[in-house]
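Visitor: Below is the structure I would like to discuss, written out as C-alpha cells.
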Number of protein chains: 2
Amino acid sequence: MKHLLITFFGILFLSVMPSKAEDGSRLWLRQADNAQAKVNIPRSSPTLNIAAEELQKAWKGLPIDLVLKKDKTLQADGFRISYGKEKVTLTSPTEVGLLYGAYHLLRGQDTQPEARPSAEEAEVHNPAYTLRILNHWDNLDRTVERGYAGRSLWNWEELPQTASPRYEAYARANASIGINGTVLNNVNASPKILTEEYLKKVKALADIFRPYGLRVYLSVNFASPMALDSLPTADPLNKEVIRWWKNKAKEIYRLIPDFGGFLVKANSEGQPGPCDFGRTHADGANMLADVLKPYKGIVMWRAFVYSPSDADRAKQAYLEFEPLDGQFRKNVIIQIKNGPIDFQPREPYSPLFGAMPQTTLMAEFQITQEYLGHSNHLAYLAPMWKEFFEYVSPASLKAIAGVTNIGTDTNWCGHPLAQANWYAFGRLAWNPSLTSEEIADEWLKQTVYKEPLEAILKGKATDVQGWKATHAQLIRLMTESREAVVNYMMPLGLHHIFAWGHHYGPEPWCTIPNARPDWLPSYYHQADKTGLGFDRSAQGSNATGQYPEELAKQWNDLNTCPEKFLLWFHHVPWTHRMKSGQTLWDELCHYYDKGVRQVRDFQQVWDRAEAYIDPQTFSDVQCRLKTQVRDAVWWKDACLLYFQEFSAMPIPYDVERPIHNLKDLQKVHLPINNYVCPSPELLNQNR
Amino acid sequence: MKHLLITFFGILFLSVMPSKAEDGSRLWLRQADNAQAKVNIPRSSPTLNIAAEELQKAWKGLPIDLVLKKDKTLQADGFRISYGKEKVTLTSPTEVGLLYGAYHLLRGQDTQPEARPSAEEAEVHNPAYTLRILNHWDNLDRTVERGYAGRSLWNWEELPQTASPRYEAYARANASIGINGTVLNNVNASPKILTEEYLKKVKALADIFRPYGLRVYLSVNFASPMALDSLPTADPLNKEVIRWWKNKAKEIYRLIPDFGGFLVKANSEGQPGPCDFGRTHADGANMLADVLKPYKGIVMWRAFVYSPSDADRAKQAYLEFEPLDGQFRKNVIIQIKNGPIDFQPREPYSPLFGAMPQTTLMAEFQITQEYLGHSNHLAYLAPMWKEFFEYVSPASLKAIAGVTNIGTDTNWCGHPLAQANWYAFGRLAWNPSLTSEEIADEWLKQTVYKEPLEAILKGKATDVQGWKATHAQLIRLMTESREAVVNYMMPLGLHHIFAWGHHYGPEPWCTIPNARPDWLPSYYHQADKTGLGFDRSAQGSNATGQYPEELAKQWNDLNTCPEKFLLWFHHVPWTHRMKSGQTLWDELCHYYDKGVRQVRDFQQVWDRAEAYIDPQTFSDVQCRLKTQVRDAVWWKDACLLYFQEFSAMPIPYDVERPIHNLKDLQKVHLPINNYVCPSPELLNQNR
C-alpha cells in the first residue's frame, strides 16, 4: 500500500461546479473538501484513486485502509467496514466495492454524524442486485422522450473530441448510490447508434464512466442490419443477420471491452422485432444473447408490448410472454414495467412477475415523472416502488432498471426534489429493504439544508429543535407526496385518463377520431350512468386470472378488492358503499379534494421550513408547489365535473367547490410534446 | 268609480316576456297573472289603469277600492292602506301614489303571504325622499361607461319611431320599487343630447315612462351653446348664453311638459364648466336653475371634482364646494358621491355632507359595480349604503341618486343577483330605515326560487324546513358579500389599488409614466418599508379636519380610528398592534385570506341551495362564483406578495399559501375598457 497525498485526475469537476449558490448541480454530494484524511490504498488505479481522493477530501474520522480481499460474505460489489481503535478498514473483493464503501462512509458521516460506530464493530454491505441500471430515453438529436429537465446529457455532436465535465459528475453521482449500469439511448432506438461513428462516441463515454464502475449499454433497433447495411431481412434465424450482429458485437467490444449489452424494445408501438419475420420474442432475444455471450454481454428484452386489439391491454404482455417461459437463454433478462399498463400513478404489479419461473426477470421503474406531473409536481417515488416490493419479492428479480429523469438542467432533474427519485432508485436497487422514510431522511440531510447536518446539530446558526421538527415534516411531505398525486389525479384505481399527446393534464373526455381504443381514456375509466371502472374481474376481462389464485380471489370480489385498486379491477356502481360508508361517488369526490388539500399542506410545510433551506432550492420548490396546487385543482375539477355527467350526483358539500367549468376545461389543449414540461406561463395562457 | 273589467294598453309587455325559463328578464315581478281580482278605480287614466290592471291580474285578497284623496298624513307619492272586512281601500292624493300602493300590496302578497293584515288595520307609507332617481352613464353610441350588462337600453337610432318593449318594462320595474326619476345619459355628456333630433327621442321615452310616474332628466354638457350653435362662450353670466339656455328649456318643455331637469358634471375630468370662464360652480348652477325655474325643473350639480395637484384628492371636493354654501338657488341640488374619493369598496362618508347647511344636498350611490368586480362578482350593496346612513342622517338629504347597472342583457344587470342592487336602491330611496336583511329577504323571495313563496310554503313540491334554512343562508350570503369583496380586495381602509384602465383587477404596483399621481395606486396605499396607508390625520393631509370635531378627534388617533378606515386615515407601521393583538401585516394577511374563504363559503351556500333555485339562475350564479373565487385568490396573492416586498414579513402560516408569483401577476394586462366585464375566457388567457 502507498499513502495517497496528491490529487489525481479523478474529481476535477469539483472545481468546475459552482460553490456559492446551491443551484442543485452538486446533487447530494455537497461535502466540504478540506478534511485531509489519511487514506491508504493497495495500489494506484483510476477507481482506487477516486475512492482515496473522495475520502481524503471529506472524511473526518480515523485514518482508513482500503483493502482488496476476497471474502465469502461479500459479493463482487459488496464491502466490509471494520472500525478499529485507530483506524477504519474497508475491505472488498473489487476496486469498485471499495469505491462504494468510501461513498457509504461519507454518506454515514453526512446523515448520521452522531452515530459513529464504536471500535470493534463491523458492517457488511452487499447489493441486492448485481445489475442496477439507468435507462435513458435520450434520442440522438438530444431530445429526451419523457424528459423534463432540459436536453440529453450526451452531446453527440461534440463527442468523442470534447467531453462535458458533467459526464464524470454523472458517473460519480451514480457510483455514490451504487448504480453500475446505464443504457445511453432511447428504447425507441435509432439504428445510427450502432454505426462506427456513434460507437466511438459511446466509447468516449464508457472510458469516462469506467473508473466509477458504471458500465455502458445500448438500446438497439432490431432492424439495424436492414437500416445500416441494407440486408433484406432482420430475421433472427437468418444467417446473414446473425453474422451481421456477430460482427457488430466484435466491433463494439473492440472499442468497449466491458460493454454491458443490449436493451431491446421489439414489436411494440411500431418498433421492429422478430415477430415481423414470423419469429418469437425468444428467437429474437436468444439470437442477440448468443452473439453477446462470448463477451459476457447480456440482453434486456422488454415485455412492454400490446397490440391494437379490443382485448384488455392490461393482459397482453402476460399473454405474449408467459408462454415463452423457459425458452430464453441465461443471458437474457426480460425487463417488465412495474405495472401491467404503463407507469400510472398507481397500478397493481404486473402479473408477469411470478409467472415465468424459468426465466430471468427484472423490473423497470420510471424515475422520470411522465404520468406524475413531469418536473412541475413533487412526487417522491420511493413509496411507489416499495409498494411494488410488497407484492413482488425483491429476491425474485435479477435486476432493477429505472427510466431516468436526468437532463442538462443545472439541477439535473428539473424539480429540485426530483433528484430524490434518482437517489432513491439507486438506494433501493442496492437495498430494497430501506424504507421510504430512511431514504428521504438521507437525501434531505445531504441536499436541501443551508448547512451540513453536523453544523446544524452544533446549533451555532440553527435552532436545532426547530430544524428537527422541520426535518420530520419534510420527510412526511416527501413520503405523502406520491399519494397526494394519486388522490388529485387518479384515486381508487383510476388510470390513464391523461390528455392526448403529453400525459400532463386531465382529459378523461378525450376522443380522437380513428384512434386506437386503448389510447383513449374512456377505454380505461369506462364511465357510464351505472358506474365507473374497468371490469377486469372474472366476470369481465378476467385479468385477475393472470394473478396467483389467492390474490385473484381477493381482487375478483368487489368487497375484498383493496379500494386503492377498485376501479382498476371493477366497474363499480356510483352508489356502491365503500368501507367508509360513503358511496363510491362521494368517496371519489373526497379523494380528489384530499389531494388538493394535501398539496396546499405541502406549501405550508415548505414555507414554514424556509429558515432552514438553501434559498435557491427554497424559492424554486415554492414556485413549483404553486403550479402543483393549481394543477391539482384543475385535475379535481376536470375529473369531478366530467364524471358527474355520468353519476348525476351532487358533489358533497364539504368538498371545496369547483372553480372551473367543464366546457372551458374541455377546450384546454397544451401545445407541448413528449419532451416538454409546461411552464407556468404556458399553463396560464392555455387554461 | 267604475268597475274595471277589461284590459288596457298598460301592461301588454307581460306577454312579451318569456314565461317558461327564468332568464331574469322578469326581475322581481314574477307574479301569476290569473287572479281576476275586483278593483275599483276613481276614473280611467293611464296610471290608474296600470294600477288596476296589476292588481286585477295578481291580487288574491279582498276587492280593492283605489281612492284619490288629500290626506294630511300623506305626501304626494304616499299612500294609505285600510283593511276592511270586505274590502281593502287604497288612498293617495296622487295617481302615482295609488300605483305605488298597488305594487306595495303585491309585494306584501309575494313576500309575506302568511302575514295578511287583519280587518280594521291601516298603514301609511310615505317616501323618505321626493326624488328617487337613477343615473344612466349611457353614451349615445350605446356604450355604457362602467356598464357590465350589455349595451345601453336606449336604442337612439330607432327612436322615436320604434320603441322596445323593454322601455315600458323598465318603467314598470322602477315604479314597483318607487323610483320616480331617470337621467338618461352619461354625465360625461355629449352636447348632441340637446339637439332637436335627440330631444324628440327623449320625448318618446318620457311618454312611455310617464304613466309609471317616472320623470326624465338629462345630463348636459356645460359648453352646449358653443358646441351646438357656435356661441363664442359658455360663460354663465353672458346674456347670449343665458338666452340660448332659455330657448333650449322652452324647446324641451314644449316636448316634455314634466321634464325633470339637468344633471351637470362641470370642471371635472376634462368636462367644461363655469370655472373655464372665471365663474364659480354656483354661477353655473344658478344660471341653469333660473332657466328651469319657470317649469319647476331642477339642477343636480355634481360635486365630484378634483384637480391634478399634489394635494390630498380626498379633500378637494370639500375645498371647492364648502365655501359656496348658501350661494345656490333653491332648485339646485348638490349631488355628492357617498365617499370623498370614488365609489371604492369601502370609504368613509364624504365630509361635504353636513358641511353645507345652507345648501340642498343629495347623495350619489353607485349601483353598477365599477369597483366591486363588475358583473362577475356577487356584491350586494345595501350594507354599503346602510353604512353610509350610519354617518349621514337620511333626513339631511333631499334626494338619492344611483348610477345604474342596467343594460340590454336579458337579465338586465349581468349578474343575476345584481338585480338586487337596483331593487335595494329603490327600496332604500323610499325607506332608508329598511335593513339590508329585510330587503334581501324581499328580493330573494320574489326572484330566485323555483316557485312563488306561497307555493313553497304550501310544501307541495318543496321541503319547507329545508327552504327556510336555505333562505336564511342566502340572506347571509347576500349581506356578507360586499364585506367579502372588501376583504379580498381592499381591507382595513385600503383603496384605489386597481389596475390601470378598467378597475377590475389588482395593480397596487402600477406606474404609468407622466400619469397624474392621484391616478396611481401608490398615491393611495403609500406602502414603504415602515408601513402602509395614507396619512390623512392632523399630522398628515388633515383630511380629518373636514369632519365634525368629535369624529375628527376619533379618526385622528391611530388607536381610536375604526380599523375598517385605518389605512384610509393613517400610515400605519407594519408591526402596529391591532385590536386583535396581531401586527398590521398579519391582520392584513388574515383579512385577504378571509375574503377568499368567504367566497368559497358562498359557493357552498349556493350549491346547497340548488334544489330550491330556478335552474337557469342557479347555474349562471354558480359559474360567476367560480370566477369570483379565482379573482379573490388573484387579489389576495397580488396584494400580499406586493406588500410583502415592503413589509418583509412572512405571511402567517395559517393563511392559505399564494399560488401565483408576483412577477407573473405584474405582467397581467386585461385588454378591456370601461364598458366591458372580462369573461372567464379572457381572464384565463391573460393571467
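Here, A, B, ... name the chains of the C-alpha cells in the order displayed, residue numbers run from 1 inside each chain, and ligands are numbered from 1 in the same displayed order.
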Write out as CSV a residue-level contact list of chain A versus chain B with cut-off 8 Å: for each qualifying residue the closest pair of atoms and the distance in Å to one decimal, counting only C-alpha atoms, rows sorted by chain and residue number upward.

Guide:
```
residue,atom,partner,partner_atom,distance
A:Arg600,CA,B:Arg657,CA,7.1
A:Gln603,CA,B:Arg657,CA,6.4
A:Gln604,CA,B:Tyr653,CA,6.3
A:Asp607,CA,B:Tyr653,CA,7.8
A:Arg608,CA,B:Tyr653,CA,7.0
A:Cys623,CA,B:Asn661,CA,7.1
A:Leu625,CA,B:Ile659,CA,7.8
A:Lys626,CA,B:Ile659,CA,4.3
A:Thr627,CA,B:Ile659,CA,6.8
A:Val629,CA,B:Ile659,CA,6.9
A:Arg630,CA,B:Ile659,CA,6.9
A:Tyr653,CA,B:Gln604,CA,6.3
A:Glu656,CA,B:Arg600,CA,7.3
A:Arg657,CA,B:Gln603,CA,6.4
A:Pro658,CA,B:Lys626,CA,6.9
A:Ile659,CA,B:Lys626,CA,4.2
A:His660,CA,B:Lys626,CA,6.4
A:Asn661,CA,B:Cys623,CA,7.1
A:Asp664,CA,B:Glu681,CA,7.7
A:Glu681,CA,B:Asp664,CA,7.7
A:Asn684,CA,B:Arg687,CA,5.9
A:Gln685,CA,B:Gln685,CA,4.6
A:Asn686,CA,B:Gln685,CA,6.4
A:Arg687,CA,B:Asn684,CA,5.9
```

Visitor: So that I can check the surroundings of Ser309 (chain A), please list as a PyMOL selection string every protein, DNA and RNA residue that reaches within 9 Å of it, counting only C-alpha atoms and ignoring chain neighbours fewer than 2 positions away.

Guide: chain A and resi 306-307+311-313+516-518

Visitor: Go ahead and save the picked residues with N, CA and C atoms, as a CSV table (one decimal), in the first residue's frame.

Guide:
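After the write, out36.csv holds the following:
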```csv
chain,number,residue,atom,x,y,z
A,306,TYR,N,-48.1,-4.4,-26.6
A,306,TYR,CA,-49.6,-4.5,-26.7
A,306,TYR,C,-50.0,-4.2,-28.1
A,307,SER,N,-50.9,-5.0,-28.5
A,307,SER,CA,-51.4,-4.8,-29.9
A,307,SER,C,-52.7,-4.0,-29.9
A,311,ALA,N,-58.9,-6.5,-26.9
A,311,ALA,CA,-58.7,-7.2,-25.7
A,311,ALA,C,-58.1,-6.3,-24.6
A,312,ASP,N,-58.2,-6.7,-23.4
A,312,ASP,CA,-57.7,-5.9,-22.3
A,312,ASP,C,-56.2,-5.7,-22.4
A,313,ARG,N,-55.8,-4.4,-22.6
A,313,ARG,CA,-54.4,-4.1,-22.7
A,313,ARG,C,-53.6,-4.6,-21.5
A,516,ARG,N,-56.6,4.4,-31.7
A,516,ARG,CA,-56.7,3.1,-31.1
A,516,ARG,C,-57.5,3.2,-29.8
A,517,PRO,N,-58.5,2.3,-29.6
A,517,PRO,CA,-59.3,2.5,-28.4
A,517,PRO,C,-58.5,2.5,-27.1
A,518,ASP,N,-57.4,1.7,-27.1
A,518,ASP,CA,-56.6,1.7,-25.8
A,518,ASP,C,-55.7,2.9,-25.7
```

Visitor: When you look at Cys589 (chain B) with a cut-off of 12 Å (counting only C-alpha atoms), what residues show up, excluding the ones that are within fewer than 6 positions of it in the same chain? I need them as number ranges by chain.

Guide: B: 487-492, 574, 582-583, 595-596, 635-644, 647, 649-658

Visitor: Region 56-68 of chain A: which residues within 6 Å, counting only C-alpha atoms, same-chain residues fewer than 6 positions away excluded, as a list in words?

Guide: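 Counting only C-alpha atoms, the residues come to Ala32, Asp33, Asn34, Ala35, Gln36, Ala37, Lys38, Val39, Asn40, Ile41, Lys87, Val88, Thr89, Leu90, Thr91, Ser92 and Pro93 of chain A.
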
Visitor: Write out as a PyMOL selection string the set of residues from region 238-370 of chain B that DSSP, computed on the backbone, places in helix (DSSP H, G or I).

Guide: chain B and resi 239-255+274-277+281-295+313-324

Visitor: List the neighbours of Asp229 (chain A) out to 12 Å using only C-alpha atoms; skip same-chain residues closer than 2 positions along the sequence, and give me the result as a list in words.

Guide: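 Final neighbour list, sorted by chain and number: Pro191, Lys192, Leu194, Thr195, Ala223, Ser224, Pro225, Met226, Ala227, Leu231, Pro232, Thr233, Ala234, Glu240, Val241, Trp244, Trp245 and Lys248 of chain A.
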
Visitor: Save the residues we just selected, N, CA and C atoms, as a PDB file, in the first residue's frame?

Guide:
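Saved file result05.pdb follows:
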```pdb
ATOM      1  N   PRO A 191     -31.195   3.242 -35.395  1.00  0.00           N
ATOM      2  CA  PRO A 191     -30.131   2.309 -35.804  1.00  0.00           C
ATOM      3  C   PRO A 191     -28.763   2.972 -35.796  1.00  0.00           C
ATOM      4  N   LYS A 192     -28.740   4.282 -35.970  1.00  0.00           N
ATOM      5  CA  LYS A 192     -27.481   5.024 -36.091  1.00  0.00           C
ATOM      6  C   LYS A 192     -26.553   4.809 -34.901  1.00  0.00           C
ATOM      7  N   LEU A 194     -25.501   2.280 -33.705  1.00  0.00           N
ATOM      8  CA  LEU A 194     -24.559   1.169 -33.928  1.00  0.00           C
ATOM      9  C   LEU A 194     -23.576   1.441 -35.067  1.00  0.00           C
ATOM     10  N   THR A 195     -23.593   2.645 -35.597  1.00  0.00           N
ATOM     11  CA  THR A 195     -22.594   2.972 -36.623  1.00  0.00           C
ATOM     12  C   THR A 195     -21.242   3.170 -35.957  1.00  0.00           C
ATOM     13  N   ALA A 223     -34.112  -3.952 -36.333  1.00  0.00           N
ATOM     14  CA  ALA A 223     -33.925  -3.972 -37.792  1.00  0.00           C
ATOM     15  C   ALA A 223     -32.637  -3.279 -38.217  1.00  0.00           C
ATOM     16  N   SER A 224     -31.699  -3.107 -37.301  1.00  0.00           N
ATOM     17  CA  SER A 224     -30.451  -2.414 -37.635  1.00  0.00           C
ATOM     18  C   SER A 224     -29.741  -2.997 -38.847  1.00  0.00           C
ATOM     19  N   PRO A 225     -29.692  -4.321 -39.010  1.00  0.00           N
ATOM     20  CA  PRO A 225     -28.982  -4.840 -40.194  1.00  0.00           C
ATOM     21  C   PRO A 225     -29.600  -4.333 -41.487  1.00  0.00           C
ATOM     22  N   MET A 226     -30.896  -4.184 -41.509  1.00  0.00           N
ATOM     23  CA  MET A 226     -31.562  -3.664 -42.709  1.00  0.00           C
ATOM     24  C   MET A 226     -31.288  -2.173 -42.870  1.00  0.00           C
ATOM     25  N   ALA A 227     -31.373  -1.443 -41.768  1.00  0.00           N
ATOM     26  CA  ALA A 227     -31.253   0.018 -41.841  1.00  0.00           C
ATOM     27  C   ALA A 227     -29.828   0.447 -42.135  1.00  0.00           C
ATOM     28  N   LEU A 231     -29.447  -5.099 -45.446  1.00  0.00           N
ATOM     29  CA  LEU A 231     -29.815  -6.512 -45.509  1.00  0.00           C
ATOM     30  C   LEU A 231     -31.301  -6.617 -45.836  1.00  0.00           C
ATOM     31  N   PRO A 232     -31.680  -7.671 -46.566  1.00  0.00           N
ATOM     32  CA  PRO A 232     -33.089  -7.752 -46.977  1.00  0.00           C
ATOM     33  C   PRO A 232     -34.003  -8.149 -45.821  1.00  0.00           C
ATOM     34  N   THR A 233     -33.446  -8.564 -44.708  1.00  0.00           N
ATOM     35  CA  THR A 233     -34.267  -9.023 -43.596  1.00  0.00           C
ATOM     36  C   THR A 233     -33.532  -8.766 -42.294  1.00  0.00           C
ATOM     37  N   ALA A 234     -34.305  -8.860 -41.201  1.00  0.00           N
ATOM     38  CA  ALA A 234     -33.678  -8.847 -39.874  1.00  0.00           C
ATOM     39  C   ALA A 234     -34.117 -10.094 -39.116  1.00  0.00           C
ATOM     40  N   GLU A 240     -27.241 -14.452 -42.449  1.00  0.00           N
ATOM     41  CA  GLU A 240     -26.611 -13.156 -42.749  1.00  0.00           C
ATOM     42  C   GLU A 240     -26.856 -12.180 -41.595  1.00  0.00           C
ATOM     43  N   VAL A 241     -28.058 -12.285 -41.091  1.00  0.00           N
ATOM     44  CA  VAL A 241     -28.419 -11.393 -39.984  1.00  0.00           C
ATOM     45  C   VAL A 241     -27.570 -11.716 -38.756  1.00  0.00           C
ATOM     46  N   TRP A 244     -24.164 -10.505 -39.229  1.00  0.00           N
ATOM     47  CA  TRP A 244     -24.094  -9.033 -39.068  1.00  0.00           C
ATOM     48  C   TRP A 244     -23.970  -8.659 -37.579  1.00  0.00           C
ATOM     49  N   TRP A 245     -24.821  -9.287 -36.762  1.00  0.00           N
ATOM     50  CA  TRP A 245     -24.790  -8.966 -35.333  1.00  0.00           C
ATOM     51  C   TRP A 245     -23.473  -9.424 -34.693  1.00  0.00           C
ATOM     52  N   LYS A 248     -20.971  -6.908 -35.520  1.00  0.00           N
ATOM     53  CA  LYS A 248     -21.238  -5.665 -34.767  1.00  0.00           C
ATOM     54  C   LYS A 248     -20.774  -5.812 -33.317  1.00  0.00           C
TER      55      LYS A 248
END
```

Visitor: Please extract the residues of region 380-505 of chain B with a backbone DSSP assignment of strand (DSSP E or B) and present them as a list in words.

Guide: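 Answer for region 380-505 of chain B, restricted to strand (DSSP E or B): Ala399, Ile400, Ala401, Gly402, Val403, Tyr449 and Phe498 of chain B.
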
Visitor: State, in Å with one decimal place, the distance from CA of Ile512 (chain A) to CA of Thr368 (chain A).

Guide: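 Atom-to-atom, CA of Ile512 (chain A) and CA of Thr368 (chain A) are spaced 26.5 Å apart.
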
Visitor: Quick one: residues within 9 Å of Arg302 (chain A), only C-alpha atoms counted, chain neighbours fewer than 4 positions away excluded, as JSON, numbers by chain?

Guide: {"A": [263, 264, 265, 266, 333, 334, 335, 336, 337, 364]}

Visitor: Report, in Å to a single decimal, how far apart CA of Phe498 (chain A) and CA of Asp586 (chain A) are.

Guide: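 Taking CA of Asp586 (chain A) and CA of Phe498 (chain A), their separation equals 22.0 Å.
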